[in-house]
>>> print(open('run04.txt').read())   # compact mmCIF, C-alpha atoms
# COMPACT_ATOMS: atom_id res chain seq x y z
CA MET A 13 0.00 0.00 0.00
CA ARG A 14 1.41 3.34 -1.02
CA VAL A 15 0.58 6.71 0.55
CA ARG A 16 1.36 10.09 -0.93
CA ASP A 17 0.85 13.35 0.90
CA THR A 18 1.59 16.97 0.12
CA THR A 19 3.42 18.98 2.76
CA ASN A 20 2.26 22.45 3.86
CA PRO A 21 4.81 24.26 1.64
CA GLY A 22 3.52 22.12 -1.25
CA ILE A 23 -0.06 23.21 -0.55
CA ASP A 24 1.07 26.84 -0.51
CA GLN A 25 2.84 26.35 -3.85
CA TYR A 26 -0.27 24.74 -5.33
CA ASN A 27 -2.47 27.64 -4.19
CA LYS A 28 -0.02 30.27 -5.50
CA THR A 29 0.28 28.63 -8.92
CA GLY A 30 -3.40 28.61 -9.72
CA GLY A 31 -5.10 26.30 -7.25
CA LYS A 32 -7.87 23.94 -8.21
CA ASP A 33 -9.28 25.79 -11.21
CA GLY A 34 -6.08 27.40 -12.51
CA GLY A 35 -4.10 24.18 -13.01
CA GLY A 36 -1.72 24.59 -10.08
CA PHE A 37 1.28 22.28 -9.66
CA VAL A 38 3.45 20.96 -6.85
CA ASP A 39 7.16 20.13 -7.10
CA ASP A 40 8.19 16.59 -6.20
CA GLU A 41 10.27 17.84 -3.28
CA PHE A 42 7.05 18.82 -1.45
CA ILE A 43 5.44 15.40 -1.78
CA LYS A 44 6.11 12.76 0.89
CA GLU A 45 5.61 9.14 -0.06
CA TYR A 46 5.46 6.06 2.16
CA VAL A 47 4.90 2.40 1.38
CA VAL A 48 3.21 0.27 4.06
CA THR A 49 5.16 -3.01 4.38
CA THR A 50 4.86 -6.16 6.48
CA LYS A 51 6.88 -4.63 9.32
CA ASP A 52 4.05 -2.14 9.87
CA ILE A 53 1.44 -4.86 10.58
CA GLU A 54 0.44 -4.65 14.26
CA GLN A 55 -2.06 -7.51 14.48
CA TRP A 56 -4.22 -9.88 12.45
CA LYS A 57 -7.97 -10.27 12.52
CA ILE A 58 -9.35 -13.75 11.93
CA ARG A 59 -12.94 -14.36 10.93
CA GLY A 60 -14.17 -17.85 11.59
CA LEU A 61 -17.15 -20.02 12.28
CA TRP A 62 -17.72 -22.41 15.18
CA TYR A 63 -19.78 -25.43 14.14
CA ILE A 64 -20.69 -28.88 15.43
CA ASP A 65 -19.28 -31.78 13.41
CA LYS A 66 -22.09 -34.33 13.72
CA ARG A 67 -19.99 -37.18 12.35
CA LEU A 68 -17.25 -36.74 14.98
CA GLY A 69 -19.53 -35.25 17.63
CA GLU A 70 -17.29 -32.31 18.44
CA LEU A 71 -17.19 -28.56 18.21
CA ARG A 72 -14.90 -27.41 15.39
CA TYR A 73 -13.62 -24.06 14.16
CA ARG A 74 -13.18 -23.10 10.54
CA ILE A 75 -11.19 -20.04 9.48
CA ILE A 76 -13.02 -18.09 6.80
CA ALA A 77 -10.79 -15.05 6.27
CA ILE A 78 -7.76 -13.23 7.69
CA CYS A 79 -7.00 -9.52 7.68
CA PRO A 80 -3.78 -7.59 8.43
CA VAL A 81 -4.28 -4.59 10.72
CA ALA A 82 -1.95 -1.59 10.86
CA SER A 83 -1.92 2.02 11.95
CA SER A 84 -3.22 4.43 9.37
CA ALA A 85 -0.61 5.11 6.73
CA ARG A 86 -0.57 8.80 7.62
CA ASN A 87 0.36 7.96 11.23
CA ILE A 88 3.10 5.60 10.05
CA MET A 89 4.44 8.22 7.66
CA ASN A 90 4.44 10.90 10.39
CA LYS A 91 5.94 8.41 12.89
CA LYS A 92 3.03 8.65 15.33
CA ASN A 93 2.68 5.54 17.49
CA ASP A 94 -1.08 5.69 17.92
CA ASN A 95 -2.34 2.12 18.42
CA SER A 96 -5.90 3.35 18.97
CA ASN A 97 -6.08 4.20 15.26
CA LEU A 98 -5.58 0.68 13.89
CA ILE A 99 -7.42 -0.06 10.67
CA PRO A 100 -8.03 -3.34 8.84
CA LEU A 101 -6.27 -3.16 5.48
CA PHE A 102 -7.98 -5.90 3.45
CA TRP A 103 -9.56 -9.33 3.93
CA LEU A 104 -8.12 -12.49 2.39
CA TYR A 105 -10.35 -15.52 1.81
CA TYR A 106 -8.52 -18.21 3.78
CA PRO A 107 -8.97 -21.19 1.40
CA ASP A 108 -7.38 -19.10 -1.38
CA VAL A 109 -4.23 -18.27 0.63
CA ARG A 110 -3.95 -21.58 2.48
CA GLU A 111 -1.40 -23.05 0.04
CA VAL A 112 0.89 -20.03 0.43
CA LEU A 113 0.58 -20.16 4.22
CA HIS A 114 1.37 -23.87 4.16
CA GLU A 115 4.67 -23.23 2.33
CA ALA A 116 5.71 -20.34 4.65
CA LYS A 117 7.33 -21.48 7.89
CA ALA A 118 6.77 -19.82 11.27
CA PHE A 119 9.65 -19.41 13.72
CA ASN A 120 9.13 -21.19 17.03
CA LYS A 121 11.49 -20.01 19.80
CA LYS A 122 10.70 -23.05 21.95
CA ASN A 123 11.47 -25.66 19.28
CA THR A 124 13.84 -24.56 16.52
CA SER A 125 14.43 -28.10 15.24
CA ARG A 126 10.87 -28.59 13.96
CA PRO A 127 9.41 -25.57 12.16
CA ILE A 128 5.67 -25.39 11.56
CA SER A 129 3.81 -23.67 8.78
CA PHE A 130 1.56 -20.67 9.29
CA ASP A 131 -1.36 -22.81 8.08
CA HIS A 132 -0.71 -25.35 10.84
CA LEU A 133 -0.23 -22.55 13.39
CA LEU A 134 -3.61 -21.01 12.52
CA ASN A 135 -5.59 -24.25 12.24
CA SER A 136 -4.23 -25.65 15.50
CA ARG A 137 -5.05 -22.27 17.11
CA ARG A 138 -1.56 -21.74 18.53
CA PHE A 139 -2.10 -18.04 19.10
CA SER A 140 -3.67 -15.85 21.72
CA SER A 141 -6.86 -14.10 20.77
CA VAL A 142 -9.69 -11.94 22.03
CA ILE A 143 -13.24 -12.21 20.75
CA TYR A 144 -14.29 -8.72 19.68
CA LYS A 145 -17.47 -9.42 17.75
CA GLU A 146 -20.40 -11.83 17.97
CA GLU A 147 -23.43 -12.51 15.82
CA ASN A 148 -26.58 -13.00 17.90
CA VAL A 149 -30.23 -11.91 18.06
CA TYR A 150 -29.12 -8.26 18.25
CA GLY A 151 -27.31 -8.55 14.93
CA ASP A 152 -23.65 -8.64 14.07
CA ARG A 153 -22.18 -6.18 16.56
CA LYS A 154 -18.88 -5.53 18.28
CA VAL A 155 -18.43 -5.94 22.02
CA LYS A 156 -17.30 -2.32 22.37
CA GLU A 157 -20.61 -1.16 20.87
CA TYR A 158 -22.60 -2.38 23.87
CA ILE A 159 -19.84 -2.15 26.52
CA SER A 160 -18.11 1.14 25.89
CA GLU A 161 -15.16 2.83 27.62
CA ASN A 162 -14.41 -0.09 29.95
CA ALA A 163 -11.69 -2.38 28.60
CA PHE A 164 -11.84 -4.74 31.58
CA MET A 165 -15.57 -5.36 31.11
CA GLN A 166 -14.97 -5.89 27.38
CA LEU A 167 -12.42 -8.63 28.21
CA LEU A 168 -14.88 -10.21 30.65
CA GLU A 169 -17.56 -10.19 27.94
CA SER A 170 -15.09 -11.84 25.56
CA ASP A 171 -14.43 -14.55 28.15
CA ARG A 172 -18.20 -14.99 28.62
CA ILE A 173 -18.62 -15.59 24.88
CA LYS A 174 -15.74 -18.13 24.94
CA GLU A 175 -17.39 -19.91 27.86
CA LYS A 176 -20.71 -19.98 26.01
CA ILE A 177 -18.98 -21.68 23.06
CA ARG A 178 -17.34 -24.24 25.39
CA ASN A 179 -20.69 -24.98 27.03
CA ILE A 180 -22.19 -25.80 23.63
CA GLU A 181 -19.56 -28.52 23.24
CA LEU A 182 -20.08 -29.83 26.78
CA ASP A 183 -23.83 -29.98 26.23
CA LEU A 184 -23.23 -32.40 23.34
CA TRP A 185 -22.21 -35.07 25.85
CA ASN A 186 -25.03 -34.54 28.38
CA TYR A 187 -28.08 -36.71 27.96
>>> encode(input="run04.txt", output="C-alpha cells")
Amino acid sequence: MRVRDTTNPGIDQYNKTGGKDGGGFVDDEFIKEYVVTTKDIEQWKIRGLWYIDKRLGELRYRIIAICPVASSARNIMNKKNDNSNLIPLFWLYYPDVREVLHEAKAFNKKNTSRPISFDHLLNSRRFSSVIYKEENVYGDRKVKEYISENAFMQLLESDRIKEKIRNIELDLWNY
C-alpha cells in the first residue's frame, strides 16, 4: 500500500500557482511518499465459524478469512505511534491463501528443530486471541458497541462468549 501526501509548503505552492481551477502544480520535493510493508502490521484479525461436526460429535472451528491490521498510513508516515487508530487493510479468503501459508514457515522459539507452517499454526489455534465481535439476536455487533469505555468489562464479555462456546460442546455429551 502506497501513501502520498503533500506537505504544507507544497499546498502553498499549489495555491499560489493557480489552485484547483487554474491548473496549479506541486514540485516533487514537497510530496512525501510512504509504502506500508509487512513490518508495519500490528495484528491480524481472523474471521471464523464455530460449528458442530455431527460425524465426529465435536465442536470445530473453521477459518473463513484473515486480515492484516496496521496504523493508518498517515500515522506511520508521520511516525506517530497511535495504536488506537488501527485499521483493517484488506480481507483475504482463507482457502485461497492456504497453500501459500502452508509453504511459509513460522519461527518457534521453543522448538527450533521442527518448524511449523503458518497454516498449521492457525488451524491448531496456537495463538492468543480476544473475541471482539459476535453474531446473535441483536445482529452482528462488536463488544465495544454495547460495553463502551471499559476495557476490563470488554475482556470479561469476551471470556463470557468463549465460555458460552465451550458450554455448547459440553452440552453435546449430556443426555
>>> residues_around(input="run04.txt", residues="Arg137 (chain A)", least_positions_apart="6", cutoff="12 Å", atoms="all atoms listed in the file", output="CSV table (one decimal) with C-alpha atoms, in the frame of the given file")
chain,number,residue,atom,x,y,z
A,58,ILE,CA,-9.4,-13.8,11.9
A,60,GLY,CA,-14.2,-17.8,11.6
A,72,ARG,CA,-14.9,-27.4,15.4
A,73,TYR,CA,-13.6,-24.1,14.2
A,74,ARG,CA,-13.2,-23.1,10.5
A,75,ILE,CA,-11.2,-20.0,9.5
A,130,PHE,CA,1.6,-20.7,9.3
A,131,ASP,CA,-1.4,-22.8,8.1
>>> residues_near_point(input="run04.txt", point="(2.4, -20.8, 7.3)", cutoff="9 Å", atoms="only C-alpha atoms", output="PyMOL selection string")
chain A and resi 110-118+128-134
>>> closest_atom_pairs(input="run04.txt", of="region 96-144 of chain A", to="region 150-170 of chain A", cutoff="9 Å", atoms="all atoms listed in the file", output="JSON lines")
{"residue": "A:Val142", "atom": "CA", "partner": "A:Ser170", "partner_atom": "CA", "distance": 6.5}
{"residue": "A:Ile143", "atom": "CA", "partner": "A:Ser170", "partner_atom": "CA", "distance": 5.2}
{"residue": "A:Tyr144", "atom": "CA", "partner": "A:Val155", "partner_atom": "CA", "distance": 5.5}
>>> atom_distance(input="run04.txt", atom1="CA of Val81 (chain A)", atom2="CA of Lys57 (chain A)")
7.0 Å
>>> residues_around(input="run04.txt", residues="Leu101 (chain A)", least_positions_apart="5", cutoff="8 Å", atoms="all atoms listed in the file", output="list of chain:residue names")
A:Cys79, A:Pro80, A:Val81, A:Ala82
>>> atom_distance(input="run04.txt", atom1="CA of Phe102 (chain A)", atom2="CA of Ser136 (chain A)")
23.4 Å
>>> atom_distance(input="run04.txt", atom1="CA of Lys174 (chain A)", atom2="CA of Glu147 (chain A)")
13.2 Å
>>> residues_around(input="run04.txt", residues="Tyr105 (chain A)", least_positions_apart="3", cutoff="9 Å", atoms="all atoms listed in the file", output="number ranges by chain")
A: 75-78, 108-110
>>> write_last_selection(input="run04.txt", atoms="C-alpha atoms", output="mmCIF file, in the frame of the given file")
data_model
loop_
_atom_site.group_PDB
_atom_site.id
_atom_site.type_symbol
_atom_site.label_atom_id
_atom_site.label_comp_id
_atom_site.auth_asym_id
_atom_site.auth_seq_id
_atom_site.Cartn_x
_atom_site.Cartn_y
_atom_site.Cartn_z
ATOM 1 C CA ILE A 75 -11.190 -20.040 9.480
ATOM 2 C CA ILE A 76 -13.020 -18.090 6.800
ATOM 3 C CA ALA A 77 -10.790 -15.050 6.270
ATOM 4 C CA ILE A 78 -7.760 -13.230 7.690
ATOM 5 C CA ASP A 108 -7.380 -19.100 -1.380
ATOM 6 C CA VAL A 109 -4.230 -18.270 0.630
ATOM 7 C CA ARG A 110 -3.950 -21.580 2.480
#
>>> residues_around(input="run04.txt", residues="Gly35 (chain A)", least_positions_apart="5", cutoff="9 Å", atoms="only C-alpha atoms", output="ChimeraX atom specification")
/A:26,29-30
>>> closest_residue(input="run04.txt", among="A:Pro107, A:Trp56, A:Lys66, A:Asn97", to="Ser140 (chain A)", atoms="all atoms listed in the file")
A:Trp56
